[in-house]
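S.K.: Next comes the structure file structure-v1.txt, holding compact mmCIF, C-alpha atoms.
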```
# COMPACT_ATOMS: atom_id res chain seq x y z
CA MET H 1 0.00 0.00 0.00
CA VAL H 2 1.19 3.47 -0.88
CA ASN H 3 1.59 5.78 2.06
CA PHE H 4 0.35 9.31 1.36
CA TYR H 5 1.45 10.83 4.64
CA ASN H 6 4.70 12.70 4.77
CA GLU H 7 5.40 15.06 7.60
CA THR H 8 7.35 17.71 5.65
CA VAL H 9 4.81 17.86 2.85
CA PHE H 10 1.91 17.90 5.27
CA LEU H 11 3.42 20.78 7.24
CA SER H 12 4.16 22.81 4.11
CA PHE H 13 0.60 22.29 2.92
CA LEU H 14 -0.71 23.31 6.34
CA GLY H 15 1.36 26.49 6.08
CA GLY H 16 0.04 27.14 2.59
CA VAL H 17 -3.59 26.71 3.63
CA CYS H 18 -3.10 28.91 6.69
CA SER H 19 -1.50 31.69 4.65
CA LEU H 20 -4.35 31.45 2.15
CA ILE H 21 -6.95 31.66 4.90
CA LEU H 22 -5.14 34.65 6.40
CA THR H 23 -5.03 36.44 3.02
CA VAL H 24 -8.70 35.79 2.35
CA ALA H 25 -9.72 36.89 5.84
CA ILE H 26 -7.78 40.15 5.52
CA LEU H 27 -9.20 40.88 2.06
CA TYR H 28 -12.71 40.05 3.24
CA ILE H 29 -12.49 42.39 6.21
CA LYS H 30 -10.99 45.18 4.10
CA GLN H 31 -13.68 44.89 1.44
CA SER H 32 -16.45 44.77 4.04
CA GLN H 33 -15.12 47.94 5.63
CA LYS H 34 -14.94 49.59 2.23
CA ARG H 35 -18.51 48.57 1.53
CA ASN H 36 -19.70 50.10 4.78
CA THR H 37 -17.97 53.36 3.89
CA GLY H 38 -19.65 53.20 0.48
CA LYS H 39 -23.01 52.76 2.13
CA GLU H 40 -22.44 55.85 4.26
CA LEU H 41 -21.29 57.82 1.21
CA PHE H 42 -24.37 56.93 -0.79
CA ALA H 43 -26.62 57.67 2.14
CA GLU H 44 -25.04 61.10 2.43
CA ARG H 45 -25.24 61.75 -1.29
CA TYR H 46 -28.92 60.89 -1.56
CA ARG H 47 -30.23 61.99 1.88
CA ASN H 48 -33.42 59.87 1.88
CA ASN H 49 -34.03 60.46 -1.81
CA PRO H 50 -36.02 57.42 -3.00
CA GLU H 51 -34.35 57.57 -6.43
CA ILE H 52 -31.43 55.63 -4.98
CA GLY H 53 -33.46 52.42 -5.15
CA ASP H 54 -32.11 49.32 -3.50
CA ILE H 55 -28.85 50.35 -1.85
CA GLU H 56 -27.41 46.80 -1.65
CA THR H 57 -27.89 46.32 -5.41
CA LYS H 58 -26.43 49.74 -6.07
CA LEU H 59 -23.34 48.88 -4.04
CA ASP H 60 -22.96 45.55 -5.81
CA GLU H 61 -23.21 47.21 -9.20
CA SER H 62 -20.58 49.83 -8.43
CA THR H 63 -16.99 49.21 -9.44
CA GLU H 64 -15.47 49.40 -5.97
CA TYR H 65 -18.02 48.45 -3.30
CA LYS H 66 -18.85 44.91 -4.40
CA LYS H 67 -19.82 42.37 -1.78
CA PRO H 68 -16.83 40.12 -1.01
CA VAL H 69 -17.50 36.42 -1.66
CA VAL H 70 -15.28 34.06 0.32
CA SER H 71 -15.15 31.27 -2.27
CA VAL H 72 -14.29 33.68 -5.07
CA LEU H 73 -11.49 35.19 -2.95
CA PHE H 74 -10.14 31.70 -2.27
CA VAL H 75 -10.07 30.96 -5.99
CA GLU H 76 -8.54 34.31 -6.92
CA TRP H 77 -5.64 34.00 -4.46
CA GLY H 78 -5.42 30.21 -4.38
CA LEU H 79 -2.70 29.46 -6.90
CA GLN H 80 0.29 31.33 -5.56
CA PRO H 81 0.68 29.46 -2.22
CA LEU H 82 0.36 26.22 -4.14
CA TYR H 83 3.08 27.34 -6.50
CA ILE H 84 5.42 28.10 -3.59
CA ILE H 85 4.74 24.73 -1.98
CA ALA H 86 5.39 22.87 -5.23
CA PHE H 87 8.58 24.81 -5.77
CA ILE H 88 9.87 24.07 -2.26
CA GLY H 89 8.99 20.43 -2.88
CA LEU H 90 11.43 20.47 -5.79
CA THR H 91 14.36 21.29 -3.50
CA ASN H 92 13.60 18.39 -1.13
CA HIS H 93 12.83 15.59 -3.51
CA THR H 94 13.20 16.21 -7.22
CA SER H 95 11.62 13.89 -9.69
CA LEU H 96 10.76 14.31 -13.35
CA LEU H 97 7.05 14.25 -12.60
CA GLU H 98 7.41 17.09 -10.13
CA ILE H 99 9.44 19.25 -12.50
CA PHE H 100 6.73 18.73 -15.07
CA PHE H 101 4.08 19.61 -12.49
CA VAL H 102 5.82 22.85 -11.49
CA PHE H 103 6.19 23.78 -15.15
CA ILE H 104 2.47 23.31 -15.74
CA LEU H 105 1.73 25.27 -12.57
CA THR H 106 3.87 28.17 -13.83
CA VAL H 107 1.86 28.36 -17.03
CA LEU H 108 -1.36 28.06 -15.07
CA VAL H 109 -0.43 30.86 -12.67
CA LEU H 110 0.30 33.16 -15.62
CA LEU H 111 -2.96 32.25 -17.33
CA HIS H 112 -4.87 32.62 -14.07
CA GLU H 113 -3.48 36.06 -13.32
CA PHE H 114 -4.00 37.45 -16.79
CA VAL H 115 -7.19 35.84 -18.08
CA LEU H 116 -8.94 33.10 -16.13
CA GLU H 117 -9.27 34.88 -12.79
CA LYS H 118 -11.42 37.66 -14.24
CA LEU H 119 -13.56 35.45 -16.43
CA TYR H 120 -14.17 32.28 -14.45
CA SER H 121 -13.50 32.86 -10.75
CA LYS H 122 -17.26 32.95 -10.08
CA GLU H 123 -17.90 29.70 -11.96
CA THR H 124 -18.35 26.54 -9.90
CA VAL H 125 -16.36 24.43 -12.37
CA TYR H 126 -13.31 26.64 -11.95
CA LYS H 127 -13.62 26.55 -8.15
CA VAL H 128 -13.75 22.75 -8.22
CA PHE H 129 -10.77 22.71 -10.58
CA ILE H 130 -8.63 24.73 -8.14
CA LEU H 131 -9.70 22.50 -5.25
CA VAL H 132 -8.88 19.36 -7.22
CA LEU H 133 -5.51 20.86 -8.09
CA TRP H 134 -4.71 21.36 -4.40
CA VAL H 135 -5.74 17.85 -3.42
CA ALA H 136 -3.99 16.24 -6.36
CA SER H 137 -0.78 18.15 -5.73
CA TYR H 138 -0.85 17.11 -2.06
CA PHE H 139 -1.04 13.44 -3.03
CA LEU H 140 1.57 13.85 -5.74
CA LEU H 141 4.07 15.66 -3.54
CA SER H 142 3.69 13.33 -0.55
CA TYR H 143 3.87 10.28 -2.79
CA GLU H 144 7.08 11.53 -4.38
CA ALA H 145 8.53 12.45 -0.98
CA ASN H 146 7.74 8.98 0.46
CA LYS H 147 9.22 7.29 -2.59
CA LYS H 148 12.39 9.28 -2.16
CA ASN H 149 12.42 8.51 1.58
CA SER H 150 11.96 4.78 1.04
CA VAL H 151 14.87 4.82 -1.41
CA LYS H 152 16.89 6.71 1.18
CA GLN H 153 15.98 4.16 3.86
CA ILE H 154 17.05 1.27 1.64
CA ASN H 155 20.30 3.09 0.89
CA ASN H 156 20.84 3.66 4.59
CA GLN H 157 20.16 0.03 5.36
CA VAL H 158 22.54 -1.11 2.67
CA SER H 159 25.28 1.19 3.93
CA ASN H 160 24.64 0.11 7.52
CA ASN H 161 24.84 -3.55 6.55
CA PHE H 162 28.00 -2.81 4.66
CA ASP H 163 29.47 -1.07 7.69
CA THR H 164 28.61 -3.97 10.00
CA LEU H 165 29.97 -6.43 7.48
CA SER H 166 33.19 -4.52 7.12
CA THR H 167 33.63 -4.30 10.91
CA GLN H 168 32.95 -8.05 11.21
CA ILE H 169 35.56 -8.78 8.56
CA LYS H 170 38.05 -6.68 10.48
CA MET Y 1 -22.63 70.31 -34.00
CA GLU Y 2 -25.37 68.85 -31.89
CA ILE Y 3 -25.31 66.60 -28.86
CA ILE Y 4 -28.59 65.09 -27.76
CA ILE Y 5 -29.08 63.15 -24.56
CA GLU Y 6 -32.24 61.19 -24.01
CA GLY Y 7 -33.27 59.49 -20.83
CA ASN Y 8 -36.23 58.69 -18.63
CA LYS Y 9 -36.66 61.76 -16.46
CA LEU Y 10 -38.90 60.00 -13.94
CA SER Y 11 -37.52 57.54 -11.47
CA PHE Y 12 -38.73 54.15 -12.70
CA LEU Y 13 -38.74 52.76 -9.17
CA GLN Y 14 -41.13 55.45 -7.98
CA HIS Y 15 -43.44 55.96 -10.93
CA GLN Y 16 -43.22 52.77 -13.01
CA ASN Y 17 -43.93 54.77 -16.16
CA VAL Y 18 -41.73 56.35 -18.75
CA GLU Y 19 -41.42 59.94 -19.84
CA PHE Y 20 -38.39 60.67 -21.93
CA GLU Y 21 -36.68 64.01 -21.72
CA THR Y 22 -34.20 65.23 -24.29
CA PHE Y 23 -31.32 67.52 -23.54
CA LYS Y 24 -29.89 69.07 -26.64
CA LEU Y 25 -26.76 71.11 -27.04
CA VAL Y 26 -26.50 73.01 -30.31
CA LYS Y 27 -23.35 74.85 -31.22
CA TYR Y 28 -22.99 76.90 -34.36
CA GLY Y 29 -20.11 79.31 -34.54
CA ASN Y 30 -20.16 81.47 -31.45
CA SER Y 31 -23.63 80.75 -30.16
CA THR Y 32 -24.45 77.85 -27.90
CA VAL Y 33 -28.00 76.88 -27.07
CA VAL Y 34 -29.02 74.19 -24.63
CA PHE Y 35 -32.54 72.85 -24.98
CA ILE Y 36 -34.25 71.10 -22.09
CA GLY Y 37 -37.22 69.57 -23.83
CA ASN Y 38 -38.29 72.52 -25.96
CA LYS Y 39 -37.08 75.19 -23.58
CA PRO Y 40 -33.96 76.95 -24.86
CA PHE Y 41 -31.18 78.38 -22.70
CA GLU Y 42 -28.85 80.57 -24.67
CA PHE Y 43 -25.25 80.88 -23.59
CA ASP Y 44 -22.50 83.34 -24.22
CA THR Y 45 -19.36 81.42 -25.24
CA ASN Y 46 -17.37 82.49 -22.18
CA ILE Y 47 -20.16 81.67 -19.78
CA PHE Y 48 -20.73 78.33 -21.46
CA HIS Y 49 -17.11 77.29 -20.98
CA GLU Y 50 -17.10 78.56 -17.43
CA LEU Y 51 -20.17 76.47 -16.74
CA CYS Y 52 -18.54 73.45 -18.39
CA ASN Y 53 -15.67 73.73 -15.91
CA LYS Y 54 -17.76 74.58 -12.87
CA ILE Y 55 -20.45 71.96 -13.31
CA THR Y 56 -18.07 69.00 -13.05
CA GLY Y 57 -18.03 67.35 -9.67
CA ILE Y 58 -20.76 69.35 -7.98
CA GLN Y 59 -23.81 67.85 -6.33
CA PRO Y 60 -26.79 67.72 -8.71
CA SER Y 61 -28.89 69.68 -6.24
CA SER Y 62 -26.54 72.66 -6.45
CA ILE Y 63 -26.72 72.93 -10.26
CA PRO Y 64 -29.59 75.50 -10.24
CA PHE Y 65 -27.60 77.79 -7.96
CA LYS Y 66 -24.55 77.47 -10.17
CA LEU Y 67 -26.69 78.45 -13.14
CA PHE Y 68 -28.07 81.42 -11.18
CA GLU Y 69 -24.55 82.47 -10.26
CA LEU Y 70 -23.62 82.62 -13.93
CA ASN Y 71 -26.78 84.54 -14.78
CA VAL Y 72 -28.26 81.81 -16.96
CA LEU Y 73 -31.27 81.61 -14.71
CA LYS Y 74 -32.36 85.21 -14.29
CA ASN Y 75 -34.53 85.23 -11.16
CA LYS Y 76 -35.58 83.28 -8.10
CA ASP Y 77 -38.66 81.75 -9.70
CA GLN Y 78 -36.59 80.17 -12.42
CA VAL Y 79 -34.23 78.75 -9.81
CA THR Y 80 -37.05 77.18 -7.82
CA ASP Y 81 -38.53 75.84 -11.06
CA PHE Y 82 -35.20 74.32 -11.96
CA SER Y 83 -34.63 72.79 -8.54
CA LYS Y 84 -37.95 70.95 -8.77
CA LYS Y 85 -36.36 68.68 -11.34
CA SER Y 86 -35.55 65.20 -10.12
CA PHE Y 87 -32.08 63.91 -9.33
CA THR Y 88 -32.11 61.80 -12.47
CA GLU Y 89 -32.99 64.76 -14.65
CA LEU Y 90 -30.37 67.05 -13.15
CA ASN Y 91 -27.77 64.34 -13.60
CA LEU Y 92 -28.67 63.98 -17.26
CA PHE Y 93 -28.36 67.74 -17.63
CA LYS Y 94 -24.96 67.64 -16.00
CA SER Y 95 -23.77 64.75 -18.13
CA LEU Y 96 -24.52 66.80 -21.26
CA PHE Y 97 -21.74 69.19 -20.28
CA LEU Y 98 -19.40 66.40 -19.24
CA ILE Y 99 -19.90 64.66 -22.57
CA TYR Y 100 -19.44 67.92 -24.44
CA ASN Y 101 -16.10 68.43 -22.69
CA TRP Y 102 -15.10 64.89 -23.51
CA VAL Y 103 -15.96 64.76 -27.21
CA THR Y 104 -15.38 68.35 -28.28
CA ILE Y 105 -11.84 67.63 -29.51
CA ALA Y 106 -13.19 65.03 -31.94
CA PHE Y 107 -15.33 67.73 -33.53
CA THR Y 108 -12.69 70.43 -33.68
CA ASP Y 109 -9.84 68.15 -34.78
CA SER Y 110 -11.56 65.23 -36.46
CA TYR Y 111 -8.42 64.20 -38.35
CA ALA Y 112 -6.46 63.56 -35.19
CA ILE Y 113 -9.15 61.95 -33.07
CA ASP Y 114 -11.97 59.77 -34.25
CA LEU Y 115 -15.28 60.36 -32.51
CA ARG Y 116 -15.91 56.60 -32.46
CA SER Y 117 -12.88 56.01 -30.25
CA LYS Y 118 -14.29 58.49 -27.75
CA VAL Y 119 -17.85 57.25 -27.43
CA TYR Y 120 -17.56 53.47 -27.41
CA ASN Y 121 -16.17 51.52 -24.45
CA GLU Y 122 -14.84 54.62 -22.75
CA PHE Y 123 -15.59 56.36 -19.52
CA ILE Y 124 -15.64 59.91 -18.20
CA VAL Y 125 -14.88 60.68 -14.59
CA ASP Y 126 -16.86 63.43 -12.95
CA ILE Y 127 -13.94 64.89 -11.01
CA THR Y 128 -14.97 66.44 -7.73
CA GLN Y 129 -11.56 67.97 -6.86
CA ASN Y 130 -11.98 66.36 -3.44
CA VAL Y 131 -10.77 63.14 -1.93
CA GLY Y 132 -13.53 60.57 -2.13
CA ARG Y 133 -15.75 58.82 -4.55
CA GLN Y 134 -15.77 60.10 -8.13
CA GLU Y 135 -18.80 59.25 -10.23
CA ASP Y 136 -18.42 58.15 -13.80
CA ILE Y 137 -20.19 57.84 -17.12
CA TYR Y 138 -19.51 54.69 -19.12
CA PHE Y 139 -20.16 54.40 -22.86
CA LEU Y 140 -21.18 50.93 -24.02
CA LYS Y 141 -19.19 48.84 -26.46
CA HIS Y 142 -20.08 49.16 -30.11
CA GLU Y 143 -20.74 45.40 -30.40
CA VAL Y 144 -23.39 45.56 -27.68
CA ILE Y 145 -25.26 48.46 -29.28
CA SER Y 146 -25.08 47.24 -32.87
CA ARG Y 147 -26.45 43.74 -32.14
CA SER Y 148 -30.05 43.70 -33.41
CA GLU Y 149 -31.48 41.49 -30.65
CA ASN Y 150 -30.30 43.97 -28.03
CA VAL Y 151 -32.32 46.92 -29.34
CA MET Y 152 -35.46 46.28 -27.30
CA LEU Y 153 -33.50 45.24 -24.23
CA LEU Y 154 -31.41 48.41 -24.30
CA LYS Y 155 -34.60 50.42 -24.62
CA HIS Y 156 -35.96 48.74 -21.52
CA LEU Y 157 -32.76 49.44 -19.61
CA GLN Y 158 -33.14 53.05 -20.69
CA ASN Y 159 -36.71 53.08 -19.34
CA MET Y 160 -35.38 51.87 -16.00
CA ASN Y 161 -32.90 54.79 -15.72
CA LEU Y 162 -30.03 52.35 -15.98
CA LEU Y 163 -28.95 53.64 -19.37
CA ALA Y 164 -29.28 56.88 -21.29
CA LYS Y 165 -28.89 57.53 -24.97
CA ALA Y 166 -26.52 60.02 -26.55
CA ILE Y 167 -26.73 61.14 -30.16
CA PHE Y 168 -24.01 63.15 -31.89
CA LYS Y 169 -24.80 65.06 -35.06
CA ASP Y 170 -22.39 66.95 -37.21
CA LYS Y 171 -22.30 68.02 -40.84
CA ALA Y 172 -18.92 66.51 -41.49
CA LEU Y 173 -19.13 63.46 -39.22
CA GLY Y 174 -22.75 62.46 -39.71
CA THR Y 175 -24.88 60.95 -36.97
CA LEU Y 176 -23.68 58.63 -34.26
CA GLU Y 177 -25.74 56.95 -31.58
CA THR Y 178 -24.54 55.42 -28.36
CA TYR Y 179 -25.77 54.42 -24.93
CA PHE Y 180 -24.12 55.19 -21.63
CA ILE Y 181 -24.51 54.38 -17.96
CA PRO Y 182 -25.48 57.69 -16.31
CA LEU Y 183 -23.78 59.23 -13.31
CA ASP Y 184 -26.19 58.07 -10.66
CA LYS Y 185 -28.01 54.94 -11.60
CA PRO Y 186 -30.54 53.50 -9.18
CA GLY Y 187 -30.07 50.13 -7.54
CA MET Y 188 -32.63 48.14 -9.49
CA PRO Y 189 -33.93 44.94 -7.88
CA ARG Y 190 -33.93 41.80 -10.04
CA SER Y 191 -37.75 41.66 -10.12
CA GLU Y 192 -38.02 44.91 -12.08
CA PHE Y 193 -36.23 43.49 -15.11
CA SER Y 194 -39.20 41.61 -16.55
CA HIS Y 195 -41.23 43.34 -19.25
CA ILE Y 196 -43.43 42.49 -22.23
CA ASP Y 197 -40.65 41.50 -24.60
CA ASP Y 198 -38.81 39.49 -21.98
CA PRO Y 199 -41.29 38.08 -19.42
CA THR Y 200 -38.73 36.41 -17.18
CA GLY Y 201 -36.30 39.31 -17.42
CA GLU Y 202 -33.49 36.81 -17.91
CA LYS Y 203 -32.12 38.28 -21.15
CA THR Y 204 -32.26 41.87 -19.97
CA TYR Y 205 -30.61 41.01 -16.69
CA SER Y 206 -27.76 39.10 -18.30
CA LEU Y 207 -27.22 41.93 -20.79
CA TRP Y 208 -27.07 44.37 -17.90
CA LYS Y 209 -24.57 42.16 -16.08
CA ASN Y 210 -22.46 41.96 -19.23
CA ILE Y 211 -22.47 45.72 -19.57
CA LEU Y 212 -21.38 46.08 -15.93
CA PHE Y 213 -18.63 43.52 -16.50
CA ASP Y 214 -17.39 45.50 -19.53
CA ARG Y 215 -17.36 48.67 -17.47
CA ASP Y 216 -15.47 47.08 -14.58
CA THR Y 217 -12.91 45.64 -16.98
CA ARG Y 218 -12.43 48.99 -18.68
CA ILE Y 219 -12.09 50.96 -15.46
CA SER Y 220 -9.86 48.44 -13.70
CA TYR Y 221 -7.65 48.37 -16.78
CA TRP Y 222 -7.25 52.11 -16.48
CA LEU Y 223 -6.57 51.86 -12.75
CA ASN Y 224 -3.86 49.27 -13.32
CA PHE Y 225 -2.19 50.63 -16.42
CA ARG Y 226 -3.29 54.27 -16.58
CA PHE Y 227 -4.25 53.90 -20.22
```
What's the structure tokens form of this structure?

M.R.:
Amino acid sequence: MVNFYNETVFLSFLGGVCSLILTVAILYIKQSQKRNTGKELFAERYRNNPEIGDIETKLDESTEYKKPVVSVLFVEWGLQPLYIIAFIGLTNHTSLLEIFFVFILTVLVLLHEFVLEKLYSKETVYKVFILVLWVASYFLLSYEANKKNSVKQINNQVSNNFDTLSTQIK
Amino acid sequence: MEIIIEGNKLSFLQHQNVEFETFKLVKYGNSTVVFIGNKPFEFDTNIFHELCNKITGIQPSSIPFKLFELNVLKNKDQVTDFSKKSFTELNLFKSLFLIYNWVTIAFTDSYAIDLRSKVYNEFIVDITQNVGRQEDIYFLKHEVISRSENVMLLKHLQNMNLLAKAIFKDKALGTLETYFIPLDKPGMPRSEFSHIDDPTGEKTYSLWKNILFDRDTRISYWLNFRF
């Protein structure tokens, strides 16, 4: 059975998720504050004039006071921590598969920042895609790390056996 | 040259019916006349340009006083008459001057600047000279306006005060029509979008969302790249 738990990889992913949560929380709070200021501004501008209509809709339709959506924020900022994790993974345990993965991720980050983020970050399919990417990369990285470790262990065992043998011969 | 702005002067949310008002700016040689409906206001060239500069960024409710200051409205009665106009109407009046300021170079130097590049997918900021929110006018993309299935939907958006129409006429340049999002649009609930041509309101609503997306893209592009 393949073991998918590796402490280093797990910790780096935990760090990545925490940093993502922190970023999203900060952005959410900032945007909410901005929205409240916008509400006050509109209220002052219209002073009970009924022509304002539905103030929540008006705020959502403005360029700057949109309601922050947590899932959209997660998707918009979700790729960069993953990129860092994958890149750090390269330094610990390099394999061809991982280099290929990081290369694809580089292209994806560029595409995401320039095009996809604006067009699709509200779409459910894109959200699921980012989530799947995280999960898949966790399994990939921990699998590669364990493989490397098991090879290391075998090497260690062999060298240990060799040492004991050589001492016995002496 | 002529600039005509047409919009629903009543608030659709309050009255639910439509009464279009046209604001027309006619400029021949030295004389400038602004028509509100059929009522003409004649301007001296200097006063007209002063008003163009002074009207940007002020609250719509203080427009009548600004006009009184510049002696366009002669007495108190005219001022009170003018201030009875709704917010929507005053904003349309104000946007006439903003649009004039924005497009005038295309009329005076039509070889250098094409009018089309000024009135499609562009925006004008109503600069207040103060820190804070600056309102804007956004001109729709040419593709959105020229599509034949959008004609009725755009008309309905215009009825709801969400859009206004601008027409530019000139001897040399011909006639050009465009729609724009006015300075202060009301927050329109989703339920108001249904009408005779589109009973569920689905098409109109998605068109409106597309227009807003275009505007956000255009403005954020400017914010990021200053171009």

S.K.: If the cut-off is 8 Å, can you tell me the residues of chain Y near chain H, counting all atoms listed in the file? I'd like them as a PDB file with C-alpha atoms, in the frame of the given file.

M.R.:
```
ATOM      1  CA  SER Y  11     -37.520  57.540 -11.470  1.00  0.00           C
ATOM      2  CA  LEU Y  13     -38.740  52.760  -9.170  1.00  0.00           C
ATOM      3  CA  GLN Y  14     -41.130  55.450  -7.980  1.00  0.00           C
ATOM      4  CA  PHE Y  87     -32.080  63.910  -9.330  1.00  0.00           C
ATOM      5  CA  THR Y  88     -32.110  61.800 -12.470  1.00  0.00           C
ATOM      6  CA  LYS Y 185     -28.010  54.940 -11.600  1.00  0.00           C
ATOM      7  CA  PRO Y 186     -30.540  53.500  -9.180  1.00  0.00           C
ATOM      8  CA  GLY Y 187     -30.070  50.130  -7.540  1.00  0.00           C
ATOM      9  CA  MET Y 188     -32.630  48.140  -9.490  1.00  0.00           C
ATOM     10  CA  PRO Y 189     -33.930  44.940  -7.880  1.00  0.00           C
ATOM     11  CA  LEU Y 212     -21.380  46.080 -15.930  1.00  0.00           C
ATOM     12  CA  ASP Y 216     -15.470  47.080 -14.580  1.00  0.00           C
ATOM     13  CA  ILE Y 219     -12.090  50.960 -15.460  1.00  0.00           C
TER      14      ILE Y 219
END
```

S.K.: Between CA of Asp184 in chain Y and CA of Phe107 in chain Y, measure the distance and give it in Å to one decimal.

M.R.: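 So the answer is 27.1 Å.
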
S.K.: Between Y:Ala164, Y:Ile211, Y:Leu25, Y:Val125, which one has atoms that come closest to Glu89 in chain Y, using all atoms listed in the file?

M.R.: Y:Ala164

S.K.: What's around range 195-203 of chain Y at 8 Å? Count only C-alpha atoms, leave out sequence neighbours fewer than 3 positions away in its own chain, and write the answer as a count of residues only.

M.R.: 7

S.K.: How many Å lie between CA of Gln59 in chain Y and CA of Lys39 in chain H, rounded to one decimal?

M.R.: 17.3 Å

S.K.: So how many Å separate CA of Lys141 in chain Y and CA of Asp214 in chain Y, to one decimal?

M.R.: 7.9 Å

S.K.: Please provide as a ChimeraX atom specification all residues within 12 Å of Asn38 in chain Y, with the sequence filter that same-chain residues fewer than 4 positions apart are discarded (counting all atoms listed in the file).

M.R.: /Y:21-25,33-34

S.K.: Once you count all atoms listed in the file, what closest atom pair and distance in Å to one decimal does each residue of range 44-147 of chain H within 10 Å of range 15-24 of chain H have, with rows by chain and rising residue number, as JSON lines?

M.R.:
```
{"residue": "H:Pro68", "atom": "CA", "partner": "H:Val24", "partner_atom": "CA", "distance": 9.8}
{"residue": "H:Val69", "atom": "CA", "partner": "H:Val24", "partner_atom": "CA", "distance": 9.7}
{"residue": "H:Val70", "atom": "CA", "partner": "H:Val24", "partner_atom": "CA", "distance": 7.1}
{"residue": "H:Ser71", "atom": "CA", "partner": "H:Val24", "partner_atom": "CA", "distance": 9.1}
{"residue": "H:Val72", "atom": "CA", "partner": "H:Val24", "partner_atom": "CA", "distance": 9.5}
{"residue": "H:Leu73", "atom": "CA", "partner": "H:Val24", "partner_atom": "CA", "distance": 6.0}
{"residue": "H:Phe74", "atom": "CA", "partner": "H:Val24", "partner_atom": "CA", "distance": 6.3}
{"residue": "H:Val75", "atom": "CA", "partner": "H:Val24", "partner_atom": "CA", "distance": 9.7}
{"residue": "H:Glu76", "atom": "CA", "partner": "H:Val24", "partner_atom": "CA", "distance": 9.4}
{"residue": "H:Trp77", "atom": "CA", "partner": "H:Leu20", "partner_atom": "CA", "distance": 7.2}
{"residue": "H:Gly78", "atom": "CA", "partner": "H:Leu20", "partner_atom": "CA", "distance": 6.7}
{"residue": "H:Leu79", "atom": "CA", "partner": "H:Leu20", "partner_atom": "CA", "distance": 9.4}
{"residue": "H:Gln80", "atom": "CA", "partner": "H:Leu20", "partner_atom": "CA", "distance": 9.0}
{"residue": "H:Pro81", "atom": "CA", "partner": "H:Gly16", "partner_atom": "CA", "distance": 5.4}
{"residue": "H:Leu82", "atom": "CA", "partner": "H:Gly16", "partner_atom": "CA", "distance": 6.8}
{"residue": "H:Tyr83", "atom": "CA", "partner": "H:Gly16", "partner_atom": "CA", "distance": 9.6}
{"residue": "H:Ile84", "atom": "CA", "partner": "H:Gly16", "partner_atom": "CA", "distance": 8.2}
{"residue": "H:Ile85", "atom": "CA", "partner": "H:Gly16", "partner_atom": "CA", "distance": 7.0}
{"residue": "H:Trp134", "atom": "CA", "partner": "H:Val17", "partner_atom": "CA", "distance": 9.7}
```

S.K.: I'd like the neighbourhood of Gly7 in chain Y as number ranges by chain, where a residue qualifies if any of its atoms comes within 12 Å (using all atoms listed in the file), though same-chain residues fewer than 2 positions away should be ignored.

M.R.: Y: 4-5, 9-12, 18-24, 36-37, 88-93, 95-96, 154-167, 179-182, 185

S.K.: Got a sec: who's within 9 Å of range 92-98 of chain H, counting only C-alpha atoms, leaving out chain neighbours fewer than 6 positions off, as a PyMOL selection string?

M.R.: chain H and resi 86+140-141+144-145+148-149

S.K.: Please produce a file of those selected residues containing C-alpha atoms, as a PDB file, in the coordinates of the input.

M.R.:
```pdb
ATOM      1  CA  ALA H  86       5.390  22.870  -5.230  1.00  0.00           C
ATOM      2  CA  LEU H 140       1.570  13.850  -5.740  1.00  0.00           C
ATOM      3  CA  LEU H 141       4.070  15.660  -3.540  1.00  0.00           C
ATOM      4  CA  GLU H 144       7.080  11.530  -4.380  1.00  0.00           C
ATOM      5  CA  ALA H 145       8.530  12.450  -0.980  1.00  0.00           C
ATOM      6  CA  LYS H 148      12.390   9.280  -2.160  1.00  0.00           C
ATOM      7  CA  ASN H 149      12.420   8.510   1.580  1.00  0.00           C
TER       8      ASN H 149
END
```

S.K.: What residues have an atom no more than 9 Å from (-19.1, 51.6, -24.2) in the file's own frame, counting only C-alpha atoms, and can you write them as a list of chain:residue names?

M.R.: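 Result, sorted by chain then residue number: Y:Val119, Y:Tyr120, Y:Asn121, Y:Glu122, Y:Phe123, Y:Tyr138, Y:Phe139, Y:Leu140, Y:Lys141, Y:His142, Y:Glu143, Y:Val144, Y:Ile145, Y:Thr178, Y:Tyr179, Y:Phe180, Y:Ile181, Y:Ile211, Y:Asp214, Y:Arg215.
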
S.K.: Store the residues picked out above in a file with C-alpha atoms, as a PDB file, keeping the file's coordinate frame.

M.R.:
```pdb
ATOM      1  CA  VAL Y 119     -17.850  57.250 -27.430  1.00  0.00           C
ATOM      2  CA  TYR Y 120     -17.560  53.470 -27.410  1.00  0.00           C
ATOM      3  CA  ASN Y 121     -16.170  51.520 -24.450  1.00  0.00           C
ATOM      4  CA  GLU Y 122     -14.840  54.620 -22.750  1.00  0.00           C
ATOM      5  CA  PHE Y 123     -15.590  56.360 -19.520  1.00  0.00           C
ATOM      6  CA  TYR Y 138     -19.510  54.690 -19.120  1.00  0.00           C
ATOM      7  CA  PHE Y 139     -20.160  54.400 -22.860  1.00  0.00           C
ATOM      8  CA  LEU Y 140     -21.180  50.930 -24.020  1.00  0.00           C
ATOM      9  CA  LYS Y 141     -19.190  48.840 -26.460  1.00  0.00           C
ATOM     10  CA  HIS Y 142     -20.080  49.160 -30.110  1.00  0.00           C
ATOM     11  CA  GLU Y 143     -20.740  45.400 -30.400  1.00  0.00           C
ATOM     12  CA  VAL Y 144     -23.390  45.560 -27.680  1.00  0.00           C
ATOM     13  CA  ILE Y 145     -25.260  48.460 -29.280  1.00  0.00           C
ATOM     14  CA  THR Y 178     -24.540  55.420 -28.360  1.00  0.00           C
ATOM     15  CA  TYR Y 179     -25.770  54.420 -24.930  1.00  0.00           C
ATOM     16  CA  PHE Y 180     -24.120  55.190 -21.630  1.00  0.00           C
ATOM     17  CA  ILE Y 181     -24.510  54.380 -17.960  1.00  0.00           C
ATOM     18  CA  ILE Y 211     -22.470  45.720 -19.570  1.00  0.00           C
ATOM     19  CA  ASP Y 214     -17.390  45.500 -19.530  1.00  0.00           C
ATOM     20  CA  ARG Y 215     -17.360  48.670 -17.470  1.00  0.00           C
TER      21      ARG Y 215
END
```
